[in-house]
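This is coords39.cif (mmCIF, C-alpha atoms and all ligand atoms).
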data_upload
#
loop_
_atom_site.label_atom_id
_atom_site.label_comp_id
_atom_site.auth_asym_id
_atom_site.auth_seq_id
_atom_site.Cartn_x
_atom_site.Cartn_y
_atom_site.Cartn_z
CA MET A 64 133.26 -126.45 -39.83
CA HIS A 65 136.27 -127.38 -41.82
CA LYS A 66 138.30 -124.58 -40.28
CA LEU A 67 137.16 -125.37 -36.79
CA ILE A 68 137.99 -129.02 -37.14
CA GLY A 69 141.21 -128.24 -38.93
CA ARG A 70 142.42 -125.89 -36.23
CA ALA A 71 141.57 -128.27 -33.47
CA LEU A 72 143.40 -131.03 -35.25
CA LEU A 73 146.37 -128.93 -36.02
CA SER A 74 146.74 -128.03 -32.40
CA LEU A 75 146.33 -131.67 -31.49
CA SER A 76 149.20 -132.53 -33.73
CA LEU A 77 151.32 -129.60 -32.60
CA ALA A 78 150.73 -129.57 -28.92
CA GLY A 79 149.26 -132.93 -28.17
CA ILE A 80 146.13 -131.32 -26.73
CA GLY A 81 142.97 -129.97 -28.28
CA ASN A 82 143.81 -126.32 -27.87
CA ALA A 83 143.48 -124.38 -31.09
CA VAL A 84 145.28 -121.32 -29.82
CA PHE A 85 148.80 -122.57 -30.27
CA ALA A 86 148.31 -123.17 -33.93
CA THR A 87 146.73 -119.83 -34.63
CA GLU A 88 148.66 -117.63 -32.25
CA GLN A 89 151.89 -118.95 -33.68
CA GLY A 90 150.67 -118.01 -37.11
CA SER A 91 150.81 -121.48 -38.57
CA ASP A 92 148.23 -122.27 -41.22
CA ALA A 93 149.00 -125.82 -42.16
CA ALA A 94 145.62 -127.18 -41.16
CA SER A 95 145.03 -128.72 -44.55
CA ALA A 96 148.05 -130.94 -44.03
CA VAL A 97 146.33 -132.71 -41.17
CA ALA A 98 144.71 -136.00 -42.06
CA ASN A 99 142.30 -138.20 -40.17
CA PRO A 100 139.84 -135.48 -39.11
CA GLN A 101 138.11 -135.79 -35.79
CA PRO A 102 135.19 -133.68 -34.62
CA ALA A 103 135.91 -130.55 -32.59
CA PRO A 104 134.15 -130.36 -29.24
CA VAL A 105 130.52 -129.30 -29.55
CA LEU A 106 129.43 -127.08 -26.69
CA LYS A 107 125.74 -127.95 -26.81
CA ASN A 108 126.56 -131.65 -26.52
CA LEU A 109 128.65 -131.09 -23.42
CA ALA A 110 125.98 -129.31 -21.38
CA ALA A 111 122.66 -130.48 -19.98
CA PHE A 112 121.37 -126.91 -20.21
CA PRO A 113 120.85 -124.59 -23.20
CA VAL A 114 124.02 -123.14 -24.69
CA GLY A 115 123.16 -120.05 -26.64
CA VAL A 116 124.46 -117.23 -28.78
CA ALA A 117 123.10 -113.78 -29.50
CA VAL A 118 122.57 -113.20 -33.21
CA SER A 119 121.75 -110.39 -35.55
CA ALA A 120 118.75 -111.09 -37.77
CA GLY A 121 116.29 -109.37 -40.08
CA ASP A 122 118.17 -106.98 -42.36
CA GLU A 123 120.90 -106.11 -39.87
CA ARG A 124 124.38 -105.94 -41.33
CA ARG A 125 125.50 -109.10 -39.59
CA SER A 126 122.12 -110.85 -39.86
CA LEU A 127 122.48 -114.59 -39.98
CA PHE A 128 120.14 -114.44 -42.97
CA ARG A 129 122.55 -112.14 -44.83
CA LYS A 130 125.90 -113.31 -43.55
CA THR A 131 124.96 -116.92 -44.01
CA ASP A 132 128.47 -118.29 -43.61
CA GLN A 133 128.06 -117.99 -39.85
CA GLN A 134 125.15 -120.42 -39.80
CA ALA A 135 127.25 -123.59 -39.90
CA LEU A 136 129.12 -122.71 -36.73
CA ILE A 137 126.00 -121.46 -34.94
CA ASN A 138 124.14 -124.63 -35.84
CA GLN A 139 127.02 -126.85 -34.84
CA GLN A 140 127.76 -125.36 -31.44
CA PHE A 141 124.55 -123.87 -30.02
CA ASN A 142 121.03 -124.99 -29.19
CA SER A 143 119.62 -121.65 -28.07
CA LEU A 144 119.33 -118.28 -29.80
CA VAL A 145 118.53 -114.78 -28.69
CA ALA A 146 118.16 -111.77 -30.97
CA THR A 147 120.75 -109.14 -30.17
CA ASN A 148 118.35 -106.45 -31.32
CA ILE A 149 115.34 -107.40 -33.38
CA MET A 150 113.06 -108.51 -30.56
CA LYS A 151 113.42 -105.30 -28.60
CA MET A 152 110.45 -103.02 -28.02
CA ARG A 153 110.88 -100.57 -30.84
CA TYR A 154 111.40 -103.31 -33.40
CA LEU A 155 108.35 -105.33 -32.43
CA HIS A 156 105.96 -102.50 -31.62
CA PRO A 157 106.71 -99.53 -33.92
CA ALA A 158 103.32 -97.84 -33.63
CA GLU A 159 100.54 -98.04 -31.08
CA ASP A 160 98.42 -100.30 -33.24
CA VAL A 161 101.23 -101.90 -35.22
CA PHE A 162 103.28 -104.92 -34.29
CA ALA A 163 106.09 -105.95 -36.64
CA PHE A 164 106.73 -109.65 -36.17
CA ASP A 165 108.11 -110.73 -39.55
CA ASP A 166 111.83 -110.59 -38.70
CA ALA A 167 111.35 -112.24 -35.32
CA ASP A 168 109.08 -114.87 -36.86
CA ALA A 169 111.83 -115.71 -39.33
CA LEU A 170 114.26 -116.12 -36.45
CA ALA A 171 111.78 -118.27 -34.54
CA ASN A 172 111.37 -120.44 -37.64
CA TYR A 173 115.12 -120.72 -37.99
CA ALA A 174 115.45 -121.79 -34.38
CA LYS A 175 112.75 -124.40 -34.76
CA GLU A 176 114.17 -125.75 -38.01
CA HIS A 177 117.53 -126.23 -36.36
CA GLY A 178 116.28 -127.70 -33.12
CA MET A 179 117.13 -124.65 -31.05
CA ILE A 180 115.14 -122.82 -28.44
CA LEU A 181 114.58 -119.08 -28.70
CA HIS A 182 114.94 -116.74 -25.75
CA GLY A 183 113.02 -113.46 -26.10
CA HIS A 184 114.86 -110.23 -25.30
CA ALA A 185 113.28 -107.97 -24.05
CA LEU A 186 109.66 -107.01 -23.41
CA VAL A 187 110.38 -103.87 -21.37
CA TRP A 188 113.66 -101.94 -21.57
CA HIS A 189 114.15 -98.28 -20.78
CA PRO A 190 116.83 -96.65 -23.00
CA ASP A 191 115.52 -93.64 -24.82
CA TYR A 192 116.49 -95.04 -28.21
CA GLN A 193 114.78 -98.36 -27.41
CA VAL A 194 111.42 -97.07 -26.33
CA PRO A 195 109.18 -96.66 -29.40
CA ALA A 196 108.64 -92.99 -30.22
CA TRP A 197 104.88 -93.30 -29.95
CA MET A 198 105.21 -94.71 -26.44
CA LYS A 199 107.25 -91.73 -25.29
CA ASN A 200 104.36 -89.48 -26.22
CA TYR A 201 101.66 -91.76 -24.90
CA ASN A 202 99.07 -89.96 -22.79
CA GLY A 203 96.48 -92.68 -22.30
CA ASP A 204 96.14 -95.44 -19.73
CA TRP A 205 99.70 -96.65 -19.17
CA ASP A 206 98.65 -99.79 -17.30
CA ALA A 207 96.46 -100.91 -20.17
CA MET A 208 98.99 -99.90 -22.79
CA LEU A 209 101.90 -101.75 -21.19
CA THR A 210 99.78 -104.82 -20.50
CA ASN A 211 98.74 -104.82 -24.15
CA HIS A 212 102.33 -104.39 -25.34
CA VAL A 213 103.62 -107.28 -23.28
CA GLY A 214 100.57 -109.47 -23.78
CA GLN A 215 100.39 -109.13 -27.56
CA ILE A 216 104.05 -109.96 -28.01
CA ALA A 217 104.15 -112.83 -25.54
CA ARG A 218 100.94 -114.28 -27.01
CA HIS A 219 102.25 -114.02 -30.56
CA PHE A 220 105.36 -116.06 -29.71
CA SER A 221 103.62 -118.43 -27.34
CA GLY A 222 104.97 -121.94 -27.89
CA ARG A 223 107.89 -120.60 -29.93
CA VAL A 224 109.77 -118.58 -27.32
CA ALA A 225 110.90 -120.71 -24.40
CA SER A 226 111.69 -117.84 -22.08
CA TRP A 227 111.58 -114.06 -21.94
CA ASP A 228 113.53 -111.24 -20.45
CA VAL A 229 110.37 -109.56 -19.26
CA ALA A 230 112.08 -106.58 -17.70
CA ASN A 231 115.61 -105.51 -18.43
CA GLU A 232 117.84 -103.30 -16.33
CA VAL A 233 115.22 -101.68 -14.09
CA ILE A 234 117.68 -101.12 -11.25
CA ASP A 235 119.91 -98.08 -11.10
CA GLU A 236 123.10 -99.22 -9.43
CA ASN A 237 124.27 -95.84 -8.22
CA VAL A 238 124.65 -96.25 -4.49
CA PRO A 239 122.25 -96.72 -2.90
CA ALA A 240 120.61 -98.87 -5.55
CA ALA A 241 117.10 -97.83 -6.49
CA TYR A 242 114.57 -98.32 -9.22
CA ARG A 243 115.81 -96.60 -12.33
CA PRO A 244 113.83 -93.40 -12.96
CA SER A 245 112.85 -94.57 -16.45
CA LEU A 246 109.87 -93.40 -18.43
CA PHE A 247 107.98 -96.48 -17.22
CA TYR A 248 108.83 -95.70 -13.63
CA GLN A 249 107.77 -92.12 -14.03
CA LYS A 250 104.43 -93.17 -15.48
CA MET A 251 103.62 -96.20 -13.31
CA GLY A 252 106.01 -96.31 -10.39
CA LYS A 253 107.62 -99.68 -9.70
CA SER A 254 104.33 -101.43 -10.48
CA TYR A 255 105.24 -101.51 -14.18
CA ILE A 256 107.69 -104.32 -13.47
CA GLU A 257 105.26 -106.71 -11.83
CA LYS A 258 102.52 -105.77 -14.28
CA ALA A 259 104.80 -106.79 -17.14
CA PHE A 260 105.45 -110.17 -15.49
CA ILE A 261 101.75 -110.71 -14.84
CA ALA A 262 100.83 -109.83 -18.42
CA ALA A 263 103.53 -112.07 -19.88
CA HIS A 264 102.45 -115.00 -17.74
CA ALA A 265 98.81 -114.55 -18.69
CA ALA A 266 99.75 -114.48 -22.37
CA ASP A 267 102.14 -117.43 -22.27
CA PRO A 268 101.85 -119.48 -19.08
CA ALA A 269 104.45 -121.98 -20.30
CA ALA A 270 107.26 -119.49 -20.85
CA ASP A 271 109.95 -118.99 -18.23
CA LEU A 272 109.98 -115.34 -17.22
CA TYR A 273 113.27 -113.68 -16.32
CA TYR A 274 114.46 -110.47 -14.82
CA ASN A 275 117.71 -109.54 -16.60
CA ASP A 276 120.39 -107.07 -15.52
CA PHE A 277 124.09 -106.22 -15.57
CA ASN A 278 126.55 -105.76 -12.69
CA THR A 279 124.35 -107.82 -10.38
CA GLU A 280 127.32 -110.19 -10.24
CA SER A 281 129.67 -107.40 -9.21
CA VAL A 282 127.90 -104.63 -7.28
CA GLN A 283 126.64 -106.00 -3.97
CA SER A 284 124.13 -103.20 -3.37
CA LYS A 285 122.58 -103.83 -6.78
CA LEU A 286 122.42 -107.57 -6.09
CA ASP A 287 120.79 -106.89 -2.73
CA PHE A 288 118.23 -104.62 -4.31
CA MET A 289 117.42 -107.26 -6.91
CA LEU A 290 117.11 -109.94 -4.23
CA GLY A 291 114.69 -107.68 -2.37
CA MET A 292 112.63 -107.36 -5.52
CA ILE A 293 112.64 -111.15 -5.98
CA ASP A 294 111.60 -111.75 -2.37
CA ASP A 295 108.79 -109.24 -2.72
CA PHE A 296 107.62 -110.88 -5.98
CA LYS A 297 107.68 -114.32 -4.42
CA ALA A 298 105.82 -113.14 -1.31
CA ARG A 299 103.10 -111.68 -3.52
CA GLN A 300 103.15 -114.54 -6.05
CA ILE A 301 104.18 -112.38 -8.96
CA PRO A 302 105.15 -114.90 -11.67
CA ILE A 303 108.93 -114.80 -12.02
CA HIS A 304 110.95 -117.89 -12.85
CA GLY A 305 114.51 -116.77 -13.20
CA ILE A 306 117.24 -114.19 -13.16
CA GLY A 307 119.51 -113.36 -16.05
CA PHE A 308 123.00 -112.31 -15.09
CA GLN A 309 124.20 -110.51 -18.19
CA MET A 310 127.84 -111.02 -17.20
CA HIS A 311 129.56 -108.43 -19.31
CA VAL A 312 132.64 -108.99 -17.22
CA ASP A 313 136.33 -108.22 -17.38
CA VAL A 314 139.03 -110.82 -17.38
CA ASP A 315 139.97 -109.82 -13.83
CA TYR A 316 136.80 -108.25 -12.43
CA PRO A 317 134.62 -108.99 -10.53
CA SER A 318 136.09 -111.66 -8.29
CA ILE A 319 134.95 -115.19 -8.89
CA ALA A 320 133.91 -115.29 -5.23
CA GLN A 321 131.47 -112.45 -5.84
CA ILE A 322 130.16 -114.14 -8.99
CA ARG A 323 129.62 -117.39 -7.09
CA LYS A 324 127.86 -115.61 -4.25
CA SER A 325 125.54 -113.87 -6.69
CA PHE A 326 124.55 -117.11 -8.43
CA ARG A 327 124.06 -118.81 -5.07
CA GLU A 328 121.86 -116.09 -3.62
CA VAL A 329 119.48 -116.38 -6.56
CA ALA A 330 119.60 -120.17 -6.70
CA ASP A 331 118.85 -120.31 -2.96
CA ARG A 332 115.58 -118.54 -3.69
CA GLY A 333 114.56 -121.35 -6.00
CA LEU A 334 114.80 -119.34 -9.18
CA LYS A 335 116.48 -120.36 -12.40
CA VAL A 336 119.74 -118.69 -13.28
CA ARG A 337 120.81 -117.77 -16.79
CA ILE A 338 124.12 -116.31 -17.76
CA SER A 339 122.41 -114.26 -20.39
CA GLU A 340 124.93 -112.07 -22.25
CA LEU A 341 128.35 -113.46 -21.43
CA ASP A 342 131.45 -111.80 -22.78
CA VAL A 343 134.87 -111.30 -21.21
CA ALA A 344 136.62 -108.02 -21.97
CA VAL A 345 140.40 -108.18 -21.86
CA ASN A 346 141.65 -104.78 -22.97
CA LYS A 347 140.68 -102.41 -20.18
CA HIS A 348 143.71 -100.20 -19.38
CA LYS A 349 145.89 -102.35 -21.61
CA ASN A 350 145.75 -100.77 -25.05
CA LEU A 351 146.53 -104.06 -26.79
CA LYS A 352 146.49 -104.00 -30.57
CA SER A 353 145.96 -107.72 -30.83
CA LEU A 354 144.97 -110.56 -28.53
CA THR A 355 148.30 -111.81 -27.23
CA PRO A 356 148.74 -115.49 -26.35
CA ALA A 357 149.14 -114.64 -22.66
CA VAL A 358 145.93 -112.63 -22.53
CA ALA A 359 144.10 -115.28 -24.53
CA ILE A 360 145.15 -117.85 -21.93
CA ALA A 361 144.00 -115.59 -19.09
CA GLN A 362 140.67 -115.22 -20.86
CA LYS A 363 140.43 -118.98 -21.21
CA ALA A 364 140.91 -119.36 -17.45
CA ARG A 365 138.25 -116.72 -16.84
CA TYR A 366 135.68 -118.45 -19.06
CA LYS A 367 136.52 -121.72 -17.36
CA GLU A 368 136.08 -120.39 -13.84
CA ILE A 369 132.78 -118.71 -14.72
CA VAL A 370 131.28 -121.85 -16.25
CA THR A 371 132.63 -123.91 -13.36
CA ALA A 372 131.04 -121.50 -10.89
CA TYR A 373 127.74 -121.83 -12.71
CA LEU A 374 127.90 -125.62 -12.56
CA GLU A 375 128.87 -125.66 -8.91
CA GLU A 376 126.54 -122.98 -7.56
CA VAL A 377 123.37 -123.54 -9.58
CA PRO A 378 121.57 -126.86 -9.12
CA ALA A 379 120.99 -128.67 -12.42
CA ALA A 380 117.23 -128.15 -12.38
CA GLN A 381 117.72 -124.39 -12.04
CA ARG A 382 120.16 -123.92 -14.91
CA GLY A 383 118.41 -121.83 -17.52
CA GLY A 384 121.53 -121.87 -19.62
CA ILE A 385 124.50 -119.86 -20.74
CA THR A 386 124.38 -117.49 -23.71
CA VAL A 387 127.36 -115.66 -25.18
CA TRP A 388 126.70 -112.16 -26.50
CA GLY A 389 127.85 -112.69 -30.07
CA LEU A 390 129.61 -115.33 -32.13
CA VAL A 391 132.92 -113.81 -33.22
CA ASP A 392 135.13 -111.14 -31.72
CA GLY A 393 134.63 -108.81 -34.68
CA GLU A 394 130.96 -108.35 -33.90
CA THR A 395 131.24 -107.46 -30.22
CA TRP A 396 129.34 -104.42 -28.99
CA LEU A 397 132.21 -103.71 -26.58
CA SER A 398 134.54 -102.23 -29.18
CA GLY A 399 132.06 -99.54 -30.11
CA PHE A 400 130.92 -99.00 -26.56
CA HIS A 401 134.40 -98.58 -25.08
CA LYS A 402 136.00 -97.25 -28.27
CA ARG A 403 138.83 -99.72 -28.01
CA ALA A 404 139.80 -103.05 -29.50
CA GLU A 405 138.23 -106.02 -27.73
CA TRP A 406 138.21 -109.80 -28.18
CA PRO A 407 135.62 -110.97 -25.67
CA LEU A 408 134.01 -114.00 -27.33
CA LEU A 409 134.71 -117.68 -28.08
CA PHE A 410 135.50 -117.56 -31.78
CA ARG A 411 137.73 -115.52 -34.05
CA ASP A 412 136.31 -113.80 -37.09
CA ASP A 413 137.39 -116.74 -39.27
CA TYR A 414 135.28 -119.01 -37.04
CA THR A 415 138.24 -120.74 -35.48
CA THR A 416 138.07 -121.47 -31.79
CA LYS A 417 139.92 -119.34 -29.26
CA PRO A 418 141.40 -120.59 -26.00
CA ALA A 419 138.26 -119.14 -24.42
CA PHE A 420 136.30 -121.87 -26.21
CA ASP A 421 138.63 -124.49 -24.77
CA GLY A 422 138.07 -122.99 -21.33
CA VAL A 423 134.33 -123.53 -21.67
CA VAL A 424 134.90 -127.06 -22.94
CA GLU A 425 137.19 -127.84 -20.03
CA ALA A 426 134.66 -126.54 -17.52
CA LEU A 427 131.79 -128.47 -19.10
CA THR A 428 133.79 -131.67 -19.16
CA GLY A 429 135.12 -131.25 -15.63
CA GLN A 430 138.78 -130.97 -16.64
O1 LIG B 1 124.71 -105.67 -28.20
C1 LIG B 1 123.60 -104.84 -28.40
C2 LIG B 1 123.94 -103.74 -29.37
O2 LIG B 1 124.20 -104.30 -30.65
C3 LIG B 1 122.81 -102.75 -29.45
O3 LIG B 1 123.20 -101.66 -30.25
C4 LIG B 1 122.42 -102.27 -28.07
C5 LIG B 1 121.20 -101.39 -28.13
O4 LIG B 1 120.09 -102.08 -28.62
O5 LIG B 1 122.12 -103.37 -27.24
C6 LIG B 1 123.18 -104.26 -27.08
O6 LIG B 1 122.78 -105.30 -26.22
C7 LIG B 1 122.53 -104.96 -24.88
C8 LIG B 1 121.40 -105.80 -24.39
O7 LIG B 1 120.28 -105.63 -25.21
C9 LIG B 1 121.06 -105.51 -22.95
N1 LIG B 1 122.22 -105.63 -22.11
C10 LIG B 1 123.40 -104.90 -22.55
C11 LIG B 1 123.74 -105.26 -23.98
C12 LIG B 1 125.01 -104.56 -24.43
O8 LIG B 1 124.82 -103.18 -24.44
#
Can you dump the structure from the file as structure tokens?
Ligand code: 9MR
Amino acid sequence: MHKLIGRALLSLSLAGIGNAVFATEQGSDAASAVANPQPAPVLKNLAAFPVGVAVSAGDERRSLFRKTDQQALINQQFNSLVATNIMKMRYLHPAEDVFAFDDADALANYAKEHGMILHGHALVWHPDYQVPAWMKNYNGDWDAMLTNHVGQIARHFSGRVASWDVANEVIDENVPAAYRPSLFYQKMGKSYIEKAFIAAHAADPAADLYYNDFNTESVQSKLDFMLGMIDDFKARQIPIHGIGFQMHVDVDYPSIAQIRKSFREVADRGLKVRISELDVAVNKHKNLKSLTPAVAIAQKARYKEIVTAYLEEVPAAQRGGITVWGLVDGETWLSGFHKRAEWPLLFRDDYTTKPAFDGVVEALTGQ
């Protein structure tokens, strides 16, 4: 926290405002010269909804149990956690009769010890490398098997997981949008989705159950398809409580108008809205080698307008929270995925705040 506070103070002294970027982008490192420390803004204290971060856990390389120096910043700023990986299907259910809960239990304990809620991600997700090998070869009763998978996991974490991504990315956005032809779809048709929600609700009636997807804030046909699914679920009283907008967005795409419309359409249906995996890519078609001050400021504005849109379009009682998909830029999945440098998150690798952080603060404080 020293660095965070130091940077914030340094920028206060340099620029007269609490914006850490000027100090760091200008390469100054005289933080230790600043006296009279004051606390940096704390995101979780500025919001009346959960403010979360995705973390590595278990024995992952960046696990917060291995790379323990990240814990101070996580604990200071966030009150909600989600596992980036270790609560996915193949981690929790490695063999038909084997559930592996130790790593996730440790994370649930950590969350509880630090007064944080835990969001579960994800009970059903299609990618080939995510589906447990045994499940790919399963020839028995798929309804019973999937109900057992979802039910066992949701029951195990009952009371310790506040909310679940029950189904993740079931919609194929290729125009026209349609249900993704996943293994689950091939075996059960679209019924696998509602059956997962029903099983999760039976196992943990208190948990908020979410449908989570990407590009629903940008591709209208995908949003429309999702809204149709929601309306159908509501008409048939399938237990669904919210929608997760992953929001892996670019600094200049999609338009904020489209983002607002997407939040509003879901909120109008009475469901909760989570921004579930927020990151803001800045290096598409740019080939930057470092995050320049100008781009960092554009990213700050983008974070600010997204959080402002969330506050303005989603009624307070329907705000399931905002979670960023990683703590520091160096851990972002985007670099590997796009094979380019990216700086999409709120903190630098040395745990100092970026302008993006200030953008979130400004939105939360109505500046
Ligand atoms: O960020 C996650 C990355 O570390 C994993 O390798 C990958 C596969 O498990 O999943 C990434 O997270 C994804 C999330 O689970 C679902 N929405 C898209 C995320 C980014 O790909």
Exercise. Could you tell me, counting all atoms listed in the file, which protein and nucleic acid residues lie no more than 9 Å from ligand LIG 1 (chain B), written as a VMD selection string?
Key: chain A and resid 117 119 146 to 149 151 184 to 185 188 190 192 to 193 231 to 232 275 to 277 309 311 339 to 340 388 to 389 394 to 397 400
Practice problem: Tell me which protein, DNA and RNA residues are within 12 Å of Gly383 (chain A), counting only C-alpha atoms, leaving out same-chain ones fewer than 5 positions away, and put them as JSON, numbers by chain. | Solution: {"A": [110, 111, 112, 113, 114, 115, 143, 180, 182, 225, 226, 227, 270, 271, 272, 273, 304, 305, 306, 307, 308, 326, 330, 334, 335, 336, 337, 338, 339, 373, 374, 377, 378]}
Practice problem: Find the residues near Arg327 (chain A): any atom within 10 Å, counting all atoms listed in the file, skip ones fewer than 2 places away on the same chain, and give them as a list in words. | Solution: Gln321, Ile322, Arg323, Lys324, Ser325, Val329, Ala330, Asp331, Arg332, Gly333, Val336, Ala372, Tyr373, Glu375, Glu376, Val377 and Pro378 of chain A
Self-check item: Within 8 Å of Pro302 (chain A) using all atoms listed in the file, minus same-chain residues under 6 positions, as number ranges by chain
Solution: A: 260-261, 264, 272, 296
Quick one: write out the picked residues with C-alpha atoms as an mmCIF file, keeping the file's coordinate frame?
data_model
loop_
_atom_site.group_PDB
_atom_site.id
_atom_site.type_symbol
_atom_site.label_atom_id
_atom_site.label_comp_id
_atom_site.auth_asym_id
_atom_site.auth_seq_id
_atom_site.Cartn_x
_atom_site.Cartn_y
_atom_site.Cartn_z
ATOM 1 C CA PHE A 260 105.450 -110.170 -15.490
ATOM 2 C CA ILE A 261 101.750 -110.710 -14.840
ATOM 3 C CA HIS A 264 102.450 -115.000 -17.740
ATOM 4 C CA LEU A 272 109.980 -115.340 -17.220
ATOM 5 C CA PHE A 296 107.620 -110.880 -5.980
#
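Considering all atoms listed in the file, the residue among A:Leu286, A:Val314, A:Ala171, A:Ala230 positioned nearest to Ala364 (chain A) is A:Val314.
Nearest residue to Leu186 (chain A) among A:Val387, A:Ala207, A:Ala263, A:Ala169 is A:Ala263, counting all atoms listed in the file.
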Quiz item: Which one of A:Phe220, A:Tyr255, A:Phe288, A:Phe410 sits closest to Leu155 (chain A) if you count only C-alpha atoms?
Solution: A:Phe220
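Note that CA of Leu181 (chain A) and CA of Arg129 (chain A) are 19.3 Å apart.
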Quiz item: So how many Å separate CA of Arg153 (chain A) and CA of Lys402 (chain A), to one decimal?
Solution: 25.5 Å
Practice problem: Name the residues in contact with Met289 (chain A) at a cut-off of 8 Å, using only C-alpha atoms, excluding same-chain residues fewer than 4 positions from it; report them as a list in words. | Solution: Ile234, Thr279, Lys285 and Ile293 of chain A
